[in-house]
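Student: This structure is in structure tokens; I'll ask about it shortly.
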Amino acid sequence: MGRRTRVAALVTPSGELVLVASLASRSDTQVILLDSASGELIYKGIPGDDLFATEQQAVRLLGSRYGILATEIKWGCAFLGLITAPPQVMVLVAMDVRRDPLPGGHEVCTVQQAVWVKATLPGAALFPLSKRDEEGLEKVADFQVNQLHFFSDTLDLTRPFPSTQAPLDYDPEFCWNQWLAGPFERAGLRGWCCVLLQGLACSKTIRCGQRHSLALALISRKSITNPGTRYNARGLNGAAGAGNEIEAEQIAWAPR
């Protein structure tokens, strides 16, 4: 297994947001900026400017350009989404995850601690948010992510194991951060925001005698087509989605 994804969302002394990513699927490090007016993500892939061969080179740039010290950077495990509501911008970062092994050297990561990092857009027009928009932002920020959602950097978990599809060729029925990932997708950076599933994912190795062992994994994924409380999600809805439908599977293998 190669390196694991590391990300950071940094607020500069002027209040702007800067994203840094070292993905498991790549060997380099990227620095992603935001348009100061619209909040759209900006990444050009220019070596030495926003693309670096090593994480250390990117950190040195952050120090020289923004005055951010390496000791001030708090690294997380994945970007879960981003919201722009000028002049506000918020990015959701999985700071801590529980990692459970799967066959083939893959891992499933259950979010243990997700944090919203908030900043401002200095060039945005200062139009106050409507009360409805403010209430919507509060609901999104209060949505429970910890210990209820999981993802994998290297495996498509939206389909039964073993999926032959790439992680980004996912089934949208089971992706719970599709809207939050929109800013990344519009910037051509969908791979920088993980595919987040809701449900349970765990694995355990059981000893069978002195020489043998058996590994078991349980994965359950909840559909997005008709979720809700018992009184709001019954039967089928207009999209033919069953109320709170969950797919579950158990995987057994002999670990090496």
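FYI, nothing fancy with the structure tokens labels: chains A, B, ... in order, residues from 1 per chain, ligands from 1 as they appear.
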Could you give me, as number ranges by chain, the residues within 12 Å of stretch 184-193 of chain A, counting only C-alpha atoms and dropping anything in the same chain fewer than 5 positions from it?
Tutor: A: 5-8, 19-26, 29-35, 39-45, 77-84, 91-94, 151-154, 166-170, 175-179
Student: With a distance cut-off of 9 Å and only C-alpha atoms, select the neighbouring residues of A:Pro160, excluding the residue or stretch itself and same-chain residues fewer than 4 positions from it, and output the selection as an MDAnalysis selection string.
Tutor: chainID A and resid 156 247:249
Student: Among stretch 9-93 of chain A, which ones does DSSP place in helix (DSSP H, G or I), written as a PyMOL selection string?
Tutor: chain A and resi 55-66+70-72
Student: Using only C-alpha atoms, can you tell me which of A:Asp50, A:Glu55, A:Glu72, A:Asp100 comes closest to A:Thr205?
Tutor: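 Ranked by minimum distance to A:Thr205, first place goes to A:Asp100.
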Student: Which residues of stretch 104-124 of chain A come within 10 Å of stretch 136-149 of chain A, and what is each one's closest atom pair and distance in Å (one decimal), counting only C-alpha atoms, sorted by chain and residue number, as CSV?
Tutor:
```
residue,atom,partner,partner_atom,distance
A:Cys109,CA,A:His149,CA,8.5
A:Thr110,CA,A:His149,CA,5.9
A:Val111,CA,A:Asn146,CA,5.3
A:Gln112,CA,A:Asn146,CA,4.9
A:Gln113,CA,A:Asn146,CA,5.5
A:Ala114,CA,A:Asn146,CA,6.2
A:Val115,CA,A:Ala141,CA,9.3
A:Trp116,CA,A:Ala141,CA,7.4
```
Student: Could you tell me how far atom CA of A:Leu214 sits from atom CA of A:Phe150, in Å to one decimal place?
Tutor: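 Here the two named atoms are 23.1 Å from each other.
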Student: Please provide the set of residues having any atom within 10 Å of A:Leu62, restricted to only C-alpha atoms, with same-chain residues fewer than 4 positions apart removed, written as a PyMOL selection string.
Tutor: chain A and resi 10+12+18+20+31+56-58+66-70+73
Student: Using only N, CA, C and O atoms, please write the residues we just selected to a file, as an mmCIF file, in the first residue's frame.
Tutor:
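Below is the file out-v2.cif, written as the result:
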```cif
data_model
loop_
_atom_site.group_PDB
_atom_site.id
_atom_site.type_symbol
_atom_site.label_atom_id
_atom_site.label_comp_id
_atom_site.auth_asym_id
_atom_site.auth_seq_id
_atom_site.Cartn_x
_atom_site.Cartn_y
_atom_site.Cartn_z
ATOM 1 N N LEU A 10 -6.396 25.796 5.308
ATOM 2 C CA LEU A 10 -5.698 26.824 6.064
ATOM 3 C C LEU A 10 -6.346 28.182 5.851
ATOM 4 O O LEU A 10 -6.737 28.531 4.723
ATOM 5 N N THR A 12 -5.516 32.055 5.961
ATOM 6 C CA THR A 12 -4.373 32.953 5.967
ATOM 7 C C THR A 12 -4.604 34.108 6.948
ATOM 8 O O THR A 12 -5.731 34.344 7.387
ATOM 9 N N VAL A 18 -7.035 28.504 1.949
ATOM 10 C CA VAL A 18 -6.111 27.812 1.062
ATOM 11 C C VAL A 18 -6.204 26.314 1.364
ATOM 12 O O VAL A 18 -6.157 25.911 2.532
ATOM 13 N N VAL A 20 -4.660 22.426 0.758
ATOM 14 C CA VAL A 20 -3.449 21.684 0.407
ATOM 15 C C VAL A 20 -3.803 20.201 0.390
ATOM 16 O O VAL A 20 -4.515 19.714 1.283
ATOM 17 N N VAL A 31 -1.609 22.876 -4.143
ATOM 18 C CA VAL A 31 -2.123 24.000 -3.360
ATOM 19 C C VAL A 31 -3.269 24.611 -4.162
ATOM 20 O O VAL A 31 -3.073 25.070 -5.295
ATOM 21 N N GLN A 56 6.853 18.917 1.410
ATOM 22 C CA GLN A 56 7.729 19.884 2.053
ATOM 23 C C GLN A 56 7.876 21.141 1.199
ATOM 24 O O GLN A 56 7.925 22.267 1.719
ATOM 25 N N GLN A 57 7.949 20.974 -0.117
ATOM 26 C CA GLN A 57 8.052 22.135 -1.003
ATOM 27 C C GLN A 57 6.794 22.990 -0.925
ATOM 28 O O GLN A 57 6.877 24.228 -0.921
ATOM 29 N N ALA A 58 5.637 22.349 -0.863
ATOM 30 C CA ALA A 58 4.379 23.089 -0.751
ATOM 31 C C ALA A 58 4.316 23.860 0.566
ATOM 32 O O ALA A 58 3.865 25.011 0.607
ATOM 33 N N TYR A 66 2.352 33.175 2.444
ATOM 34 C CA TYR A 66 1.262 33.534 3.358
ATOM 35 C C TYR A 66 1.692 33.665 4.814
ATOM 36 O O TYR A 66 0.880 34.026 5.661
ATOM 37 N N GLY A 67 2.937 33.341 5.114
ATOM 38 C CA GLY A 67 3.392 33.424 6.495
ATOM 39 C C GLY A 67 2.848 32.319 7.384
ATOM 40 O O GLY A 67 2.765 32.484 8.608
ATOM 41 N N ILE A 68 2.487 31.193 6.775
ATOM 42 C CA ILE A 68 1.954 30.068 7.545
ATOM 43 C C ILE A 68 3.095 29.107 7.887
ATOM 44 O O ILE A 68 3.774 28.595 6.990
ATOM 45 N N LEU A 69 3.307 28.868 9.153
ATOM 46 C CA LEU A 69 4.378 27.987 9.590
ATOM 47 C C LEU A 69 3.952 26.525 9.497
ATOM 48 O O LEU A 69 2.772 26.192 9.628
ATOM 49 N N ALA A 70 4.923 25.647 9.284
ATOM 50 C CA ALA A 70 4.640 24.222 9.179
ATOM 51 C C ALA A 70 3.992 23.700 10.457
ATOM 52 O O ALA A 70 3.123 22.808 10.415
ATOM 53 N N ILE A 73 0.096 23.953 10.673
ATOM 54 C CA ILE A 73 -0.752 23.186 9.761
ATOM 55 C C ILE A 73 -1.290 21.941 10.466
ATOM 56 O O ILE A 73 -0.519 21.133 10.993
#
```
Student: Report, in Å to a single decimal, how far apart atom CA of A:Leu216 and atom CA of A:Cys194 are.
Tutor: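 Atom CA of A:Leu216 lies 24.3 Å from atom CA of A:Cys194.
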Student: Using DSSP on the backbone, list every residue of stretch 40-143 of chain A that comes out as strand (DSSP E), and give them as a PyMOL selection string.
Tutor: chain A and resi 41-42+51-52+78-85+88-102+106-120
Student: Produce a file of the selected residues containing C-alpha atoms, as a compact mmCIF listing (two decimals), in the first residue's frame.
Tutor:
```
# COMPACT_ATOMS: atom_id res chain seq x y z
CA LEU A 41 -11.68 26.75 -6.69
CA ILE A 42 -8.58 27.68 -8.67
CA LEU A 51 1.94 21.95 -7.96
CA PHE A 52 4.89 20.55 -6.00
CA ALA A 78 -9.92 13.92 3.34
CA PHE A 79 -11.97 16.79 2.03
CA LEU A 80 -15.67 16.00 2.41
CA GLY A 81 -17.13 19.07 0.71
CA LEU A 82 -17.20 22.82 0.33
CA ILE A 83 -19.90 25.49 0.55
CA THR A 84 -19.63 28.99 -0.86
CA ALA A 85 -22.16 31.55 0.34
CA GLN A 88 -18.63 33.16 3.58
CA VAL A 89 -16.91 29.94 2.54
CA MET A 90 -16.71 26.68 4.49
CA VAL A 91 -14.86 23.44 3.80
CA LEU A 92 -15.57 20.18 5.61
CA VAL A 93 -12.47 18.18 6.52
CA ALA A 94 -12.22 14.69 7.97
CA MET A 95 -9.56 15.25 10.62
CA ASP A 96 -9.61 11.73 12.06
CA VAL A 97 -10.81 8.39 10.70
CA ARG A 98 -10.92 4.76 11.80
CA ARG A 99 -9.25 2.55 9.21
CA ASP A 100 -10.44 -1.02 8.65
CA PRO A 101 -8.63 -3.31 6.18
CA LEU A 102 -10.35 -4.87 3.18
CA HIS A 106 -7.64 -1.56 0.48
CA GLU A 107 -8.97 0.36 3.48
CA VAL A 108 -12.36 1.68 4.45
CA CYS A 109 -12.24 4.87 6.50
CA THR A 110 -15.00 5.75 8.96
CA VAL A 111 -15.09 9.43 9.85
CA GLN A 112 -14.43 9.95 13.56
CA GLN A 113 -14.01 13.72 13.58
CA ALA A 114 -15.13 16.10 10.85
CA VAL A 115 -14.53 19.85 11.17
CA TRP A 116 -15.90 22.81 9.26
CA VAL A 117 -13.15 25.34 8.49
CA LYS A 118 -14.67 28.78 7.85
CA ALA A 119 -13.19 31.77 6.05
CA THR A 120 -14.19 34.87 4.12
```
Student: Let me make sure I understand: among A:Asn226, A:Ser220, A:Ser163, A:Ser203, which one has the smallest atom-to-atom distance to A:Ile246 if we use only C-alpha atoms?
Tutor: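 Of the candidates, the smallest distance to A:Ile246 is held by A:Ser220.
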Student: Rank A:Gly182, A:Pro86, A:Gly123, A:Gly2 by their smallest atom-to-atom distance to A:Val195, using only C-alpha atoms, and report the top residue only.
Tutor: A:Gly182
Student: Quote the spacing between atom CA of A:Ser36 and atom CA of A:Leu196 in Å to one decimal place.
Tutor: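 Atom-to-atom, atom CA of A:Ser36 and atom CA of A:Leu196 are spaced 27.7 Å apart.
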Student: Which residues are near A:Ala242? Cut-off 12 Å, only C-alpha atoms, ignore same chain within fewer than 4 positions. Put them as a PyMOL selection string.
Tutor: chain A and resi 173+222-228+230+232-238+246-247
Student: Of the residues A:Pro103, A:Lys131, A:Leu200, A:Ala37, which is the one nearest to A:Leu155, using only C-alpha atoms?
Tutor: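 Between A:Pro103, A:Lys131, A:Leu200, A:Ala37, the residue approaching A:Leu155 most closely is A:Pro103.
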Student: Taking only C-alpha atoms into account, name the residue in A:Leu180, A:Gly63, A:Leu126, A:Ile206 that is nearest to A:Pro87.
Tutor: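 Of A:Leu180, A:Gly63, A:Leu126, A:Ile206, the one nearest A:Pro87 is A:Leu126, counting only C-alpha atoms.
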Student: Of the residues A:Leu129, A:Leu157, A:Ala254, A:Ala239, which is the one nearest to A:Cys208, using only C-alpha atoms?
Tutor: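 Checking each of A:Leu129, A:Leu157, A:Ala254, A:Ala239 against A:Cys208, counting only C-alpha atoms, the winner is A:Ala254.
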